[in-house]
Each structure stands twice: as structure tokens, then as C-alpha cells.
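Asker: Just so it is clear, I am handing over model-v8.txt, which has compact mmCIF, C-alpha atoms and all ligand atoms.
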```
# COMPACT_ATOMS: atom_id res chain seq x y z
CA MET U 1 6.61 -12.78 1.14
CA ASP U 2 8.38 -10.47 -1.30
CA ILE U 3 7.41 -6.86 -1.93
CA PHE U 4 5.17 -7.73 -4.91
CA ASP U 5 3.29 -10.38 -2.87
CA LYS U 6 2.60 -7.60 -0.36
CA ILE U 7 1.42 -5.24 -3.10
CA ILE U 8 -0.90 -7.95 -4.49
CA SER U 9 -2.37 -8.62 -1.03
CA GLY U 10 -2.78 -4.88 -0.36
CA GLU U 11 -0.40 -4.92 2.57
CA ILE U 12 1.75 -2.36 0.70
CA PRO U 13 -0.14 0.33 -1.25
CA SER U 14 0.24 0.68 -5.00
CA TYR U 15 -1.26 2.61 -7.88
CA LYS U 16 -3.28 -0.27 -9.29
CA VAL U 17 -4.35 -0.12 -12.92
CA TYR U 18 -5.76 -3.63 -13.47
CA GLU U 19 -6.45 -6.86 -11.62
CA ASP U 20 -8.00 -10.22 -12.48
CA ASN U 21 -7.66 -13.80 -11.21
CA ASP U 22 -4.18 -14.20 -12.64
CA VAL U 23 -2.43 -10.83 -12.79
CA PHE U 24 -2.03 -7.61 -10.82
CA ALA U 25 -0.87 -4.48 -12.69
CA PHE U 26 0.29 -1.26 -11.05
CA LEU U 27 2.46 1.76 -11.76
CA ASP U 28 6.19 1.20 -11.39
CA ILE U 29 7.31 3.69 -8.79
CA SER U 30 10.26 4.70 -10.99
CA GLN U 31 8.07 5.90 -13.92
CA VAL U 32 10.81 5.54 -16.52
CA THR U 33 8.18 7.26 -18.64
CA PRO U 34 4.69 8.37 -17.49
CA GLY U 35 2.43 5.32 -17.44
CA HIS U 36 5.25 2.80 -16.82
CA THR U 37 3.36 -0.23 -15.50
CA LEU U 38 4.36 -3.58 -14.02
CA VAL U 39 2.29 -6.67 -14.80
CA VAL U 40 2.85 -9.31 -12.11
CA PRO U 41 1.56 -12.90 -11.88
CA LYS U 42 -0.45 -13.35 -8.68
CA GLN U 43 1.11 -16.78 -8.38
CA HIS U 44 4.54 -16.41 -6.83
CA VAL U 45 7.10 -17.30 -9.50
CA SER U 46 10.53 -15.79 -9.29
CA ASP U 47 11.26 -15.47 -13.01
CA ILE U 48 10.32 -16.70 -16.47
CA PHE U 49 12.30 -19.89 -15.95
CA ALA U 50 9.64 -20.97 -13.45
CA TYR U 51 6.70 -20.53 -15.88
CA ASP U 52 4.88 -23.58 -17.20
CA ASP U 53 2.74 -23.39 -20.34
CA ASP U 54 -0.45 -22.76 -18.39
CA LEU U 55 1.01 -19.82 -16.47
CA ALA U 56 2.65 -18.43 -19.61
CA GLN U 57 -0.70 -18.45 -21.38
CA LYS U 58 -2.49 -16.79 -18.47
CA ILE U 59 0.05 -14.02 -18.04
CA LEU U 60 1.33 -13.32 -21.53
CA LEU U 61 -2.17 -13.21 -23.01
CA LYS U 62 -2.90 -10.22 -20.75
CA LEU U 63 -0.03 -8.07 -22.03
CA PRO U 64 -1.80 -6.76 -25.16
CA LEU U 65 -4.95 -5.92 -23.17
CA ILE U 66 -3.02 -3.86 -20.62
CA ALA U 67 -0.70 -2.33 -23.24
CA LYS U 68 -3.70 -1.11 -25.22
CA ALA U 69 -5.31 0.42 -22.12
CA ILE U 70 -2.11 2.30 -21.28
CA LYS U 71 -1.83 3.60 -24.84
CA LYS U 72 -5.46 4.70 -24.91
CA SER U 73 -5.02 6.55 -21.61
CA ASN U 74 -2.72 9.15 -23.16
CA PRO U 75 -2.81 10.22 -26.83
CA ALA U 76 0.86 11.29 -26.63
CA ILE U 77 1.92 7.64 -26.25
CA THR U 78 3.11 6.45 -29.66
CA GLY U 79 4.98 3.27 -28.72
CA MET U 80 5.79 0.87 -25.92
CA ASN U 81 8.73 -1.21 -24.76
CA ILE U 82 7.89 -4.46 -23.00
CA GLN U 83 10.74 -5.82 -20.94
CA SER U 84 11.22 -8.52 -18.34
CA ASN U 85 14.49 -8.86 -16.45
CA ASN U 86 15.13 -12.46 -15.41
CA GLY U 87 18.00 -13.18 -13.04
CA GLN U 88 20.51 -10.94 -11.36
CA SER U 89 22.76 -10.95 -14.41
CA ALA U 90 19.85 -9.51 -16.43
CA GLY U 91 19.23 -6.69 -13.95
CA GLN U 92 16.37 -8.25 -11.99
CA THR U 93 16.07 -6.65 -8.55
CA VAL U 94 12.68 -7.96 -7.37
CA PHE U 95 12.57 -11.74 -7.54
CA HIS U 96 8.87 -12.09 -8.29
CA SER U 97 8.39 -12.28 -12.06
CA HIS U 98 7.15 -9.07 -13.66
CA TRP U 99 6.75 -7.42 -17.04
CA HIS U 100 7.63 -3.76 -17.56
CA LEU U 101 5.28 -1.93 -19.95
CA ILE U 102 7.06 1.33 -20.73
CA PRO U 103 5.19 3.85 -22.87
CA ARG U 104 7.26 5.70 -25.46
CA PHE U 105 6.73 9.20 -26.76
CA ASP U 106 7.96 10.77 -29.98
CA ASN U 107 11.40 12.30 -29.39
CA ASP U 108 11.67 11.03 -25.80
CA ASN U 109 15.35 10.32 -26.51
CA LEU U 110 15.48 7.17 -24.39
CA SER U 111 17.30 3.98 -25.22
CA SER U 112 15.14 0.87 -25.57
CA VAL U 113 16.84 -0.93 -22.66
CA LEU U 114 15.37 1.11 -19.87
CA ALA U 115 14.26 -0.48 -16.64
CA PRO U 116 15.37 -0.29 -13.91
CA THR U 117 18.22 2.05 -14.75
CA ILE U 118 16.11 5.20 -14.64
CA ASP U 119 14.32 6.49 -11.52
CA ASN U 120 12.05 9.49 -12.03
CA SER U 121 10.10 9.01 -8.79
CA GLU U 122 11.23 12.35 -7.39
CA ASN U 123 9.36 14.03 -10.25
CA PHE U 124 5.99 12.40 -9.41
CA SER U 125 3.67 13.43 -6.57
CA PRO U 126 1.03 11.02 -5.16
CA ASP U 127 -1.59 13.03 -7.09
CA GLN U 128 0.30 12.59 -10.33
CA TYR U 129 0.69 8.83 -9.84
CA GLN U 130 -3.01 8.55 -9.01
CA LYS U 131 -4.05 10.60 -12.05
CA ILE U 132 -2.04 8.35 -14.37
CA ALA U 133 -3.30 5.13 -12.70
CA THR U 134 -6.93 6.29 -12.90
CA ALA U 135 -6.56 7.24 -16.57
CA ILE U 136 -5.30 3.73 -17.37
CA ALA U 137 -7.74 1.87 -15.07
CA SER U 138 -10.73 3.69 -16.59
CA GLN U 139 -9.89 2.18 -20.00
CA PHE U 140 -11.07 -1.22 -18.71
CA GLU U 141 -14.54 0.06 -17.73
P1 LIG C 201 13.48 -5.25 -11.99
O1 LIG C 201 14.80 -4.57 -11.83
O2 LIG C 201 13.15 -5.62 -13.39
O3 LIG C 201 13.38 -6.40 -11.00
O4 LIG C 201 12.41 -4.15 -11.62
C1 LIG C 201 11.86 -3.98 -10.36
C2 LIG C 201 11.01 -2.73 -10.47
O5 LIG C 201 10.17 -2.68 -9.34
C3 LIG C 201 11.82 -1.42 -10.50
O6 LIG C 201 11.59 -0.76 -11.75
C4 LIG C 201 11.26 -0.64 -9.31
O7 LIG C 201 11.09 0.73 -9.59
C5 LIG C 201 9.92 -1.32 -9.07
N1 LIG C 201 9.44 -1.24 -7.69
C6 LIG C 201 10.09 -1.65 -6.58
N2 LIG C 201 9.31 -1.44 -5.50
C7 LIG C 201 8.14 -0.90 -5.93
C8 LIG C 201 6.94 -0.47 -5.30
N3 LIG C 201 6.77 -0.55 -3.98
N4 LIG C 201 5.95 0.03 -6.07
C9 LIG C 201 6.11 0.12 -7.40
N5 LIG C 201 7.21 -0.27 -8.06
C10 LIG C 201 8.22 -0.78 -7.34
```
Give the structure from this file in C-alpha cells form.
Answerer:
Amino acid sequence: MDIFDKIISGEIPSYKVYEDNDVFAFLDISQVTPGHTLVVPKQHVSDIFAYDDDLAQKILLKLPLIAKAIKKSNPAITGMNIQSNNGQSAGQTVFHSHWHLIPRFDNDNLSSVLAPTIDNSENFSPDQYQKIATAIASQFE
């Protein structure tokens, strides 16, 4: 079991923002920007090269739904980078496929190739993570 399998099963806690039969979405601990979310297939696949058409449809169709909820959760969000690192050479560090949804803010002065090179976790308390996760999760209600 990798770390994301353990997050999906609840063995390791996470700040969950969305879950259905196919995907589990939670705050990336690094919070490259506030609201930075990972969308992870529940099925264990290591990277995009292991997707078949059925899995691709199940997972990729969810990205707009979750992206829109993140955007709605904070009016200051004006854009979003969606990134998936596949393979060590591409910067992948957790070998369970995942999609980074990284909110962007006017004048945030970040480059568009972001994760996982930035770690802002020391700036976020458990309360702050929870507040962001709840704001996103409530958009699905
Ligand atoms: P990648 O380099 O694309 O494989 O990204 C892996 C991401 O997983 C990094 O951005 C990490 O911050 C994030 N990450 C690792 N462990 C955890 C965790 N326990 N909870 C939330 N995010 C995590």
C-alpha cells in the first residue's frame, strides 16, 4: 500500500474535499497555493501510462467538477493550473497517479510549473487546512 492508498482507506488522515466511487480528492499538504488539491483514482494505478479508456473517462471527467468547486470556494481564485507528474523524470514522487489542481490568484507571481517544487506547509495550521477543505467540500452540497 502506498501513502495515497492509505489516505483513501482512511488509515492516514487527510483534508478531504470530495469522494465518489472512482476518485478521492484532498488538500495537498504542500499548498503551493491555498486550495491546492490532489485528485486521486481509488483504483491503484501508478501513472497515466497505466490508464485504460474506461479509467481515463472516470477520472478525467471529474476534473472540471472539482476545479469548479475549488474556484467557487474562494472568490480570489482567478485561474487554475492542472498538472500531473508521471514518472521520476517528470518529478513524480508518489507513485499512485494523481492530478494537482492548483488555484491561481492575480499577481501571485508563480511560474506555471509548480508542484512539487514548493512546500508552504509550515505556513498552514490544521485549522487553516480544515477551513479551506470545508469551504471546497461545501460546494458539492
Ligand atoms: P508528485 O511529486 O506529483 O508525485 O506529488 C506528490 C504530492 O503529494 C506532493 O505535492 C506532496 O506535497 C503531496 N503529499 C505527499 N504526502 C501527502 C499527504 N500525506 N497528504 C497530502 N499531500 C501529500
Asker: Under the rule of at most 9 Å, produce a per-residue listing of chain U near ligand LIG 201 (chain C): chain, number, name, the closest pair of atoms, and the distance in Å, as a tab-separated table, using all atoms listed in the file.
Answerer:
```
residue	atom	partner	partner_atom	distance
U:Ile3	CA	C:LIG201	N3	6.7
U:Phe4	CA	C:LIG201	N3	7.4
U:Lys6	CA	C:LIG201	N3	9.0
U:Ile7	CA	C:LIG201	N3	7.2
U:Ile12	CA	C:LIG201	N3	7.1
U:Pro13	CA	C:LIG201	N3	7.5
U:Ser14	CA	C:LIG201	N4	5.8
U:Tyr15	CA	C:LIG201	C9	7.8
U:Phe26	CA	C:LIG201	C9	7.0
U:Leu27	CA	C:LIG201	C9	5.9
U:Asp28	CA	C:LIG201	N5	3.8
U:Ile29	CA	C:LIG201	C9	4.0
U:Ser30	CA	C:LIG201	O7	4.3
U:Gln31	CA	C:LIG201	O7	7.4
U:Val32	CA	C:LIG201	O6	7.9
U:His36	CA	C:LIG201	O6	8.9
U:Thr37	CA	C:LIG201	N5	8.4
U:Leu38	CA	C:LIG201	N5	7.4
U:Gln83	CA	C:LIG201	O2	7.9
U:Ser84	CA	C:LIG201	O2	6.1
U:Asn85	CA	C:LIG201	O2	4.7
U:Asn86	CA	C:LIG201	O2	7.4
U:Gly87	CA	C:LIG201	O3	8.5
U:Gln88	CA	C:LIG201	O3	8.5
U:Ala90	CA	C:LIG201	O2	8.3
U:Gly91	CA	C:LIG201	O1	5.3
U:Gln92	CA	C:LIG201	O3	3.7
U:Thr93	CA	C:LIG201	O3	3.6
U:Val94	CA	C:LIG201	O3	4.0
U:Phe95	CA	C:LIG201	O3	6.4
U:His96	CA	C:LIG201	O3	7.7
U:Ser97	CA	C:LIG201	O3	7.8
U:His98	CA	C:LIG201	O2	6.9
U:Trp99	CA	C:LIG201	O2	7.6
U:His100	CA	C:LIG201	O2	7.2
U:Ala115	CA	C:LIG201	O6	5.6
U:Pro116	CA	C:LIG201	O6	4.4
U:Thr117	CA	C:LIG201	O6	7.8
U:Ile118	CA	C:LIG201	O6	8.0
U:Asp119	CA	C:LIG201	O7	6.9
U:Ser121	CA	C:LIG201	O7	8.4
```
Asker: Compare U:Asn74, U:Asn81, U:Asn107, U:Asn123 by their minimum atom-to-atom distance to U:Ile136, counting all atoms listed in the file, and give me the closest one.
Answerer: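 Looking only at the distances to U:Ile136, the closest residue turns out to be U:Asn74.
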Asker: Could you please determine the separation between atom CA of U:Phe49 and atom CA of U:Lys68 in Å, to one decimal place?
Answerer: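 Taking atom CA of U:Phe49 and atom CA of U:Lys68, their separation equals 26.4 Å.
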Asker: Measuring between all atoms listed in the file, which one of U:Asn21, U:Thr33, U:Gln130, U:Ser9 shows the shortest distance to U:Leu110?
Answerer: U:Thr33
Asker: Interatomic distance between atom CA of U:Met1 and atom CA of U:Leu101?
Answerer: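 Here the two named atoms are 23.8 Å from each other.
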Asker: Using only C-alpha atoms, which of U:Ser89, U:Ala25, U:Met80, U:Ser46 sits nearest U:Lys62?
Answerer: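 Among the listed residues, the smallest separation from U:Lys62 belongs to U:Ala25.
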Asker: Report the distance between atom CA of U:Leu61 and atom CA of U:Asp47 in Å, rounded to one decimal place.
Answerer: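 If I compute the distance from atom CA of U:Leu61 to atom CA of U:Asp47, I get 16.9 Å.
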Asker: Between U:Val23, U:Ile77, U:Ile48, U:Ala69, which has the minimum distance to U:Ala135 (counting only C-alpha atoms)?
Answerer: U:Ala69
Asker: For U:Glu19, list every protein, DNA or RNA residue within 10 Å, evaluated using all atoms listed in the file, and leave out those in the same chain fewer than 6 positions away; present the list as a count of residues only.
Answerer: 7
Asker: Given all atoms listed in the file as the basis, pick out the residue of U:Tyr129, U:Asp20, U:Ala50, U:Asp108 nearest to U:Leu65.
Answerer: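 Closest residue, counting all atoms listed in the file: U:Asp20.
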Asker: Name the closest residue to U:Ala67 among the candidates U:Asp127, U:Glu122, U:Tyr51, U:Phe140; distances are taken between atoms, counting all atoms listed in the file.
Answerer: U:Phe140
